[in-house]
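Working notes, beginning with the structure itself.
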Amino acid sequence: MRITKRALVPVSLVAAVSVALAGCVGGGSSGGGGEVTYWGAFYAPTTEEAFQEIFVDGFNADSDAKVDMEVKELTTIGQLTETAVSAGEAPDIVYSDGPTSASDFARADRTLPLDEYAEEYGWEEKFLPWAYELSTVDGKVSSVPASYGSMALFYNAEVFEEHGWTPPTTLAEFETIAEEADEAGMVPLGGGNAGYQGMNEWLVTAVFNAAVGPEKIYDVLTGEASFTDPEFVSAIELIQSWIDKGWLAGGSESYFTTDDTANVTGLANGTTAMYVSGTWTFNSLSEVFEDPAQWAWAPLPSLNESVDPGVFPLAIGTALSVSADAADPDAAASFIDYVTGDVDRALSYTARTGENPPPLEMSADQFPEDVDERSVELYTQIPETSNVGYATWTFFPPQTNAYLISEFDKIVTGDLTAEEYLSGMQDAFDEEFDAGETLVPFTPQGRG
Amino acid sequence: MSTTRLIRPTPPTPHAPVVAAPAVVPERRRARRQPVTWVVLGLLGLYAIGPLLVFASNSLKSAREIDSNPLGPPRSWNWSNFAYAWEQAHMGGALLNSLLIAGATAAGVAVIATTAAYAMTRLGLPGGGGWILWLLVSSSLPIQLFLVPLVSWWSLLGLYNQPIGLVIIYWAVYSPFATLLVRSFLIGLPAEYEEAARLDGAGELRVFSRIVLPMILPAVLTAALVSGLQAYNEFMLAVTFIQDRDFQPVALSLYSFQQGFTTDWSLVSAAGLVMALPVVVLFLVMQRKFIDGYVSQGVAA
Amino acid sequence: MTADTAIPGAVLVAPPTRRGAPPSLRGRRLGARANRRLLAWVFVAPLLAVNLLVITGPGMASVFYSFTDWDGLSTPRFVGLANYAEMLGSGAVLNALVHNVLWTLFFLVVPMTMGLVGAFLLSRLRRGQAFFRVLYFIPYVLATVVSAAIWRQILDPDGGIGAALATLGIPFLADVNFLGNPSLALGSVAFINTWQWWGFLLVIFLASMRSVDPALYEAVRLDGAGPVREFWHITLPSIRPTLVFLGLMTVIWSFLVFDYIYVLTQGGPAGATDVLSTVLYREAFQNQSHGYASAVAMLLSAISALTVLGYLALRRRLGWEV
């Protein structure tokens, strides 16, 4: 029963050492001059191959430095990187699944400020202004956006034709199609969060942007308005009405057992009419559709009269920064520029893999011919439109975003009212806003 | 030593069921008269085998078919799933890595647990119940939380990104249960044999290795099997501590069939089947050693 | 176990010869005792070393972090008992704790019973035992993702078991969404985990039962006892140490349960399957609140420690050896 005092000595020693180790890490990472380590994660083996050839082999041939890539899985790379960064074992180039974690790393001084390199490589001119702005923390450039995307309404062109539907642009049109699809025994609107709870925010992002509008979201993000304002409440209530009618994922319960695979397959099989998802779905659709020419996308419809149809919520999918422990930061920064900063090279990768391109200034004629035309269309429409909005995972601070995802379940089950859900969201936001942990969103383009 | 000898009245052979001791012969009749036994065992068998059949049949379907036909037999038999999964997930090398990692884990845990359990029950290790408390509480700690300190520590010790580093973690994580398991068998083992051997002048190490170890071998093998299996299937620690693809274990292969947010369940099933096969075969070959062993060696729990 | 418990199937042929005690025996005994004490520490050293390094050490570090606001990246700041205060007032933690308790009860009853009954029936079989044993054990060798994938297909609300039974004219499961319905989800996950788990219990129980002295059965059989009485009066008491040990481990593992829940429901729908480990995981890795997550880990260990202490006290009172 008794634990002897003698036994406690080694225990407390070990404890002290491990606290010390976790507190002050670094210096342990390997790598000599000119060697750069990089962790990548890819959609498919062919994607990995293309990245290796175009970027890694290309860079190694063109430069004195050498990049060494380790391949991870997309689903685990985010957390793996966080653990490695915390433990001081980060690869030289630090991957983040958006500017939010990149800014966390920068605030904790685990990654280097990149202003020197930004000047050297002219990043400010190369990148779209909203994306460049997002990459700065406390006035310093902290990461480089490596891919960007948006959300759209996906459907099966064949099925739409059969029913005589055209992509909806207004709430009324959307609801008419949904009703008809429901009567035809289809799931009107795909959705669900099985396997990945984060899918909750895809829907919330789409509905916030299309029913509340970018201007109002901007006001909330800058502290000028609140999530509890009636526009947000009615947006959430709109989702609730879809759930009550059994439109979304076929009902409240199946929402929790439907995953992305099932939604994409549902579109392909003609059992799901519409699916709101992001540009990351392009690849899955081409894979799952028997005739890949049959999937199509349309801009999000307007879900409220005050919002113009066709809003594109913007999102940074990947952001790269340089680890504070990098042995050769110059080489690391030069590789980041090699991957993100050259339109032709980046687009040749997009052409080969269907991956989302970096947010560079580019025009339609710069796209190689073999890029899927549906992808070209989206990436040329976005820079042309002024109707762009905010993806929650890119523009919302982490705690608010975590709340948004986990508590949305209770909107689906009916355990929370729209007001309760939103006031909790505002509480989480207030805390982070007051602590100065929010990112600077771009000014809505309508406001000039 | 020479004076203490165990003979086995019914030496088990690998191919024949253990011959019943005379006392249990009536059971046979009894069991036959009891259809309830067979009904219950059959139902439990169905419960075990039904999902396994679904598993096998899904490994032959296409990804799209699983969605529309999750339970039925495959409409077309896609044997190519196996070849594709094997290749795409680099399963050949990964299986080898896993067998090595699991084997090293099993062997290490067996040694650590057996010696520790022996020290606690037979060598008068001071501390008594404190050891049980410590072992049980340390098996109640969520290892997820230790990833950060462990990674920094392991890299300092040069164990990060080394298979042996992962194996050491497995030793630590799986040895508390194994120690307690072996301990529970040791407690039931009468000490007379050891006493006799000691009086015969056998040294402590000899008593341990020649007298006690053979008698508790089935328990040790069980502990080794359980830890080896857990190491074989473990994911979170493996993905965190092994960065080099050449060292990656097969449990990580199961995650190779996700394309973006879309998972190809047919390939996951095919890879899962390939992954399970060596272990099932191993269990088939080994089971007599550690289950029938209890009868022939006779270890009271 | 009493000392007179015979070792079944093993016969001590010749009693150990006791050569008359040599004169130096006393001195040798003393030396031997010191020797044994030293050997005891050598034997326990590997366990001590790996455990301190990998578990106890970082565990102690977690005690420290539980009093800080550590986010995994920046320097931890001492916040006193704030994490504990927050945790004890948290609805999410209470909700998770209730689920852990339900899970524990389920696993103490359902898989244990299945394992015991299955092992008892199997132990009485002379033929086919190996076959069933392997069959029951196979699910245990599958990785969590794989068995979760199998059951996701079986419980699929559109094409799974409910729909299949409905086509056979048994419609009552047709519209049941086992994992999507908040009141069914926890039970469904527990059921799936049981499928994988109970074969493991069976194998250990079986091993333990095979070492029960057959003479004990013979004795009650002469009294005309049926199998049920044999089970209650001979089998259960004889394997008590194993039973108690696995019961204790079940409690501890039930409070740690993570894998199946995380893979199948991630704690959802709406927290219906949240347990302490999923809360801890979310706090540490999604909310970057390592300090708070450490406090939750302390709660986990406290529960286990109390369970073990309770057991040790009980053991002392009942005079058990295990």
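Just remember, in the structure tokens the first chain shown is A, the second B, etc., residues are 1-based per chain, and ligands are 1-based in the order shown.
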
How close does each residue of chain C get to chain A, giving the shortest atom pair and distance in Å to one decimal for every residue with an atom at most 9 Å away, counting only C-alpha atoms, sorted by chain and residue number, as CSV?
```
residue,atom,partner,partner_atom,distance
C:Leu52,CA,A:Val11,CA,6.5
C:Leu53,CA,A:Val14,CA,6.9
C:Thr56,CA,A:Val11,CA,6.8
C:Gly57,CA,A:Ala15,CA,4.5
C:Pro58,CA,A:Ser18,CA,6.2
C:Gly59,CA,A:Ala15,CA,7.5
C:Met60,CA,A:Ala15,CA,5.0
C:Ala61,CA,A:Ala15,CA,5.2
C:Ser62,CA,A:Val19,CA,8.4
C:Phe64,CA,A:Val19,CA,7.8
C:Tyr65,CA,A:Val19,CA,8.4
C:Gly72,CA,A:Ser86,CA,5.8
C:Leu73,CA,A:Ser86,CA,5.2
C:Ser74,CA,A:Ala108,CA,5.1
C:Thr75,CA,A:Gly23,CA,6.5
C:Pro76,CA,A:Gly23,CA,7.8
C:Arg152,CA,A:Thr257,CA,8.5
C:Asp156,CA,A:Thr257,CA,7.8
C:Pro157,CA,A:Ser254,CA,7.5
C:Asn177,CA,A:Glu253,CA,6.4
C:Phe178,CA,A:Glu253,CA,8.9
C:Leu179,CA,A:Thr257,CA,6.5
C:Gly180,CA,A:Glu253,CA,4.4
C:Asn181,CA,A:Glu253,CA,5.3
C:Pro182,CA,A:Glu253,CA,7.9
C:Tyr262,CA,A:Gly195,CA,8.7
C:Val263,CA,A:Gly195,CA,6.8
C:Leu264,CA,A:Gly195,CA,6.8
C:Thr265,CA,A:Ala194,CA,6.8
C:Gln266,CA,A:Gln197,CA,7.3
C:Gly268,CA,A:Asp409,CA,7.3
C:Pro269,CA,A:Asp409,CA,6.1
C:Ala270,CA,A:Asp409,CA,4.5
C:Gly271,CA,A:Asp409,CA,7.9
C:Arg282,CA,A:Ala402,CA,8.9
C:Phe285,CA,A:Gln79,CA,7.1
C:Gln286,CA,A:Ala402,CA,6.7
C:Asn287,CA,A:Gln399,CA,5.8
C:Gln288,CA,A:Gln399,CA,8.5
C:Leu309,CA,A:Met1,CA,8.8
C:Leu312,CA,A:Met1,CA,8.3
```

Write out, as a tab-separated table (two decimals), in the first residue's frame, the residues just selected, with C-alpha atoms.
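Saved result, again01.tsv, follows:
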```tsv
chain	number	residue	atom	x	y	z
C	52	LEU	CA	9.02	6.14	-15.44
C	53	LEU	CA	10.35	7.29	-18.78
C	56	THR	CA	4.95	8.22	-14.93
C	57	GLY	CA	7.32	11.01	-15.95
C	58	PRO	CA	5.07	12.69	-18.49
C	59	GLY	CA	2.17	11.91	-16.14
C	60	MET	CA	3.85	14.00	-13.46
C	61	ALA	CA	4.45	16.68	-16.07
C	62	SER	CA	0.71	16.64	-16.71
C	64	PHE	CA	2.15	20.43	-13.49
C	65	TYR	CA	0.43	21.45	-16.71
C	72	GLY	CA	0.94	23.41	-26.47
C	73	LEU	CA	3.10	26.14	-27.94
C	74	SER	CA	3.82	29.09	-25.70
C	75	THR	CA	5.30	29.16	-22.23
C	76	PRO	CA	2.82	27.81	-19.68
C	152	ARG	CA	-20.77	1.05	-40.26
C	156	ASP	CA	-26.19	1.58	-42.44
C	157	PRO	CA	-29.70	3.03	-42.13
C	177	ASN	CA	-30.41	4.76	-37.34
C	178	PHE	CA	-28.17	3.12	-34.76
C	179	LEU	CA	-25.31	5.60	-34.85
C	180	GLY	CA	-27.28	8.70	-35.83
C	181	ASN	CA	-29.94	8.54	-33.15
C	182	PRO	CA	-28.59	10.25	-30.03
C	262	TYR	CA	-13.55	8.47	-31.98
C	263	VAL	CA	-13.64	6.44	-35.17
C	264	LEU	CA	-17.40	5.87	-35.23
C	265	THR	CA	-19.01	9.02	-33.87
C	266	GLN	CA	-16.29	11.38	-32.62
C	268	GLY	CA	-21.51	12.86	-31.53
C	269	PRO	CA	-24.36	13.15	-32.33
C	270	ALA	CA	-24.40	16.30	-30.22
C	271	GLY	CA	-22.23	14.82	-27.48
C	282	ARG	CA	-10.83	17.83	-28.32
C	285	PHE	CA	-5.85	19.17	-30.05
C	286	GLN	CA	-8.73	21.24	-31.35
C	287	ASN	CA	-9.01	23.93	-28.71
C	288	GLN	CA	-5.31	23.95	-27.91
C	309	LEU	CA	-7.84	1.72	-3.55
C	312	LEU	CA	-7.33	-3.07	-2.25
```

>> Which residues are near C:Val44? Cut-off 9 Å, only C-alpha atoms, ignore same chain within fewer than 6 positions. Put them as a PyMOL selection string.
In response: chain B and resi 112-113+115-120+125

Could you write those residues out with C-alpha atoms, as a short mmCIF file (atom, residue, chain, number, x, y, z; two decimals), in the first residue's frame?
```
data_model
loop_
_atom_site.label_atom_id
_atom_site.label_comp_id
_atom_site.auth_asym_id
_atom_site.auth_seq_id
_atom_site.Cartn_x
_atom_site.Cartn_y
_atom_site.Cartn_z
CA ILE B 112 9.61 -7.00 -18.51
CA ALA B 113 6.31 -8.36 -17.22
CA THR B 115 10.58 -10.58 -14.29
CA ALA B 116 8.60 -7.82 -12.61
CA ALA B 117 5.73 -10.12 -11.67
CA TYR B 118 8.20 -12.64 -10.32
CA ALA B 119 9.94 -9.99 -8.26
CA MET B 120 6.61 -8.87 -6.82
CA LEU B 125 9.97 -6.93 -3.32
#
```

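Our summary of the geometry notes that atom CA of C:Gly169 is positioned 23.9 Å from atom CA of C:Ile150.
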
> Can you list, as an NGL selection string, every protein, DNA or RNA residue that comes within 7 Å of A:Asn156 when you count only C-alpha atoms, leaving out same-chain residues fewer than 6 positions away?
Replying inline: :A and (267-268 or 294-296)

Store the residues picked out above in a file with N, CA and C atoms, as a PDB file, in the first residue's frame.
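As a result, selection-v4.pdb now contains:
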```pdb
ATOM      1  N   LEU A 267     -24.643  11.859 -55.306  1.00  0.00           N
ATOM      2  CA  LEU A 267     -24.762  12.690 -56.517  1.00  0.00           C
ATOM      3  C   LEU A 267     -24.569  11.820 -57.757  1.00  0.00           C
ATOM      4  N   ALA A 268     -23.553  10.977 -57.705  1.00  0.00           N
ATOM      5  CA  ALA A 268     -23.234  10.143 -58.867  1.00  0.00           C
ATOM      6  C   ALA A 268     -24.368   9.173 -59.174  1.00  0.00           C
ATOM      7  N   GLN A 294     -20.231  14.430 -66.120  1.00  0.00           N
ATOM      8  CA  GLN A 294     -21.595  14.721 -65.668  1.00  0.00           C
ATOM      9  C   GLN A 294     -21.683  15.533 -64.390  1.00  0.00           C
ATOM     10  N   TRP A 295     -20.601  15.628 -63.626  1.00  0.00           N
ATOM     11  CA  TRP A 295     -20.745  16.455 -62.425  1.00  0.00           C
ATOM     12  C   TRP A 295     -20.570  17.919 -62.806  1.00  0.00           C
ATOM     13  N   ALA A 296     -21.233  18.771 -62.061  1.00  0.00           N
ATOM     14  CA  ALA A 296     -21.162  20.191 -62.379  1.00  0.00           C
ATOM     15  C   ALA A 296     -21.237  20.990 -61.093  1.00  0.00           C
TER      16      ALA A 296
END
```

What lies within 7 Å of stretch 228-240 of chain B using only C-alpha atoms, ignoring chain neighbours under 2 positions off, as an mmCIF file with N, CA and C atoms, in the first residue's frame?
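Heads up, here's the output in out.cif:
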```
data_model
loop_
_atom_site.group_PDB
_atom_site.id
_atom_site.type_symbol
_atom_site.label_atom_id
_atom_site.label_comp_id
_atom_site.auth_asym_id
_atom_site.auth_seq_id
_atom_site.Cartn_x
_atom_site.Cartn_y
_atom_site.Cartn_z
ATOM 1 N N LEU A 80 -0.164 16.148 -36.575
ATOM 2 C CA LEU A 80 1.229 15.704 -36.497
ATOM 3 C C LEU A 80 2.166 16.896 -36.452
ATOM 4 N N SER B 98 5.839 -4.048 -39.334
ATOM 5 C CA SER B 98 4.895 -4.289 -38.256
ATOM 6 C C SER B 98 5.192 -5.591 -37.542
ATOM 7 N N ALA B 102 5.909 -5.583 -33.744
ATOM 8 C CA ALA B 102 5.044 -6.346 -32.848
ATOM 9 C C ALA B 102 5.833 -7.453 -32.158
ATOM 10 N N GLY B 103 6.741 -8.094 -32.904
ATOM 11 C CA GLY B 103 7.541 -9.155 -32.307
ATOM 12 C C GLY B 103 8.442 -8.618 -31.199
ATOM 13 N N THR B 105 7.950 -5.915 -29.518
ATOM 14 C CA THR B 105 7.096 -5.504 -28.407
ATOM 15 C C THR B 105 6.728 -6.712 -27.561
ATOM 16 N N ALA B 106 6.284 -7.782 -28.237
ATOM 17 C CA ALA B 106 5.847 -8.975 -27.508
ATOM 18 C C ALA B 106 6.991 -9.538 -26.675
ATOM 19 N N LEU B 166 9.810 3.549 -30.891
ATOM 20 C CA LEU B 166 8.385 3.215 -30.816
ATOM 21 C C LEU B 166 8.182 1.974 -29.955
ATOM 22 N N TYR B 170 5.883 1.205 -26.618
ATOM 23 C CA TYR B 170 4.937 0.087 -26.488
ATOM 24 C C TYR B 170 5.248 -0.760 -25.253
ATOM 25 N N ALA B 224 2.346 -11.874 -23.989
ATOM 26 C CA ALA B 224 3.114 -11.463 -25.164
ATOM 27 C C ALA B 224 2.194 -11.300 -26.365
ATOM 28 N N LEU B 225 1.288 -12.254 -26.527
ATOM 29 C CA LEU B 225 0.366 -12.213 -27.667
ATOM 30 C C LEU B 225 -0.477 -10.944 -27.622
ATOM 31 N N VAL B 226 -1.027 -10.668 -26.444
ATOM 32 C CA VAL B 226 -1.914 -9.515 -26.328
ATOM 33 C C VAL B 226 -1.149 -8.225 -26.621
ATOM 34 N N ILE B 242 7.058 7.704 -35.899
ATOM 35 C CA ILE B 242 7.789 7.241 -37.086
ATOM 36 C C ILE B 242 7.476 8.181 -38.237
ATOM 37 N N ALA B 251 -0.363 -0.599 -39.847
ATOM 38 C CA ALA B 251 -1.599 0.027 -39.378
ATOM 39 C C ALA B 251 -1.820 1.366 -40.080
ATOM 40 N N LEU B 252 -0.732 2.005 -40.474
ATOM 41 C CA LEU B 252 -0.857 3.290 -41.161
ATOM 42 C C LEU B 252 -1.370 3.116 -42.588
ATOM 43 N N VAL C 141 -8.338 -9.537 -33.401
ATOM 44 C CA VAL C 141 -7.084 -9.209 -34.087
ATOM 45 C C VAL C 141 -7.267 -8.095 -35.116
ATOM 46 N N ALA C 143 -7.887 -4.399 -36.648
ATOM 47 C CA ALA C 143 -7.650 -3.018 -36.238
ATOM 48 C C ALA C 143 -8.988 -2.292 -36.072
#
```

>> For a quick test of understanding: name the residues of chain B lying within 6 Å of chain A when counting only C-alpha atoms, and present them as a ChimeraX atom specification.
In response: /B:128-130,148-149,151-152,259-260,262

>> Using DSSP assignments from the backbone, pull out every residue in stretch 40-255 of chain B that falls under alpha helix (DSSP H) and give it to me as a ChimeraX atom specification.
In response: /B:40-58,63-68,80-88,91-122,129-138,147-156,163-187,192-199,204-206,213-233,236-241

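For the choices C:Phe172, C:Tyr136, C:Phe67, C:Trp103, the atom-to-atom distance to chain B is smallest for C:Tyr136 when using only C-alpha atoms.
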
> Between B:Phe261, B:Trp79, B:Tyr174, B:Phe241, which one has atoms that come closest to chain C, using only C-alpha atoms?
Replying inline: B:Tyr174
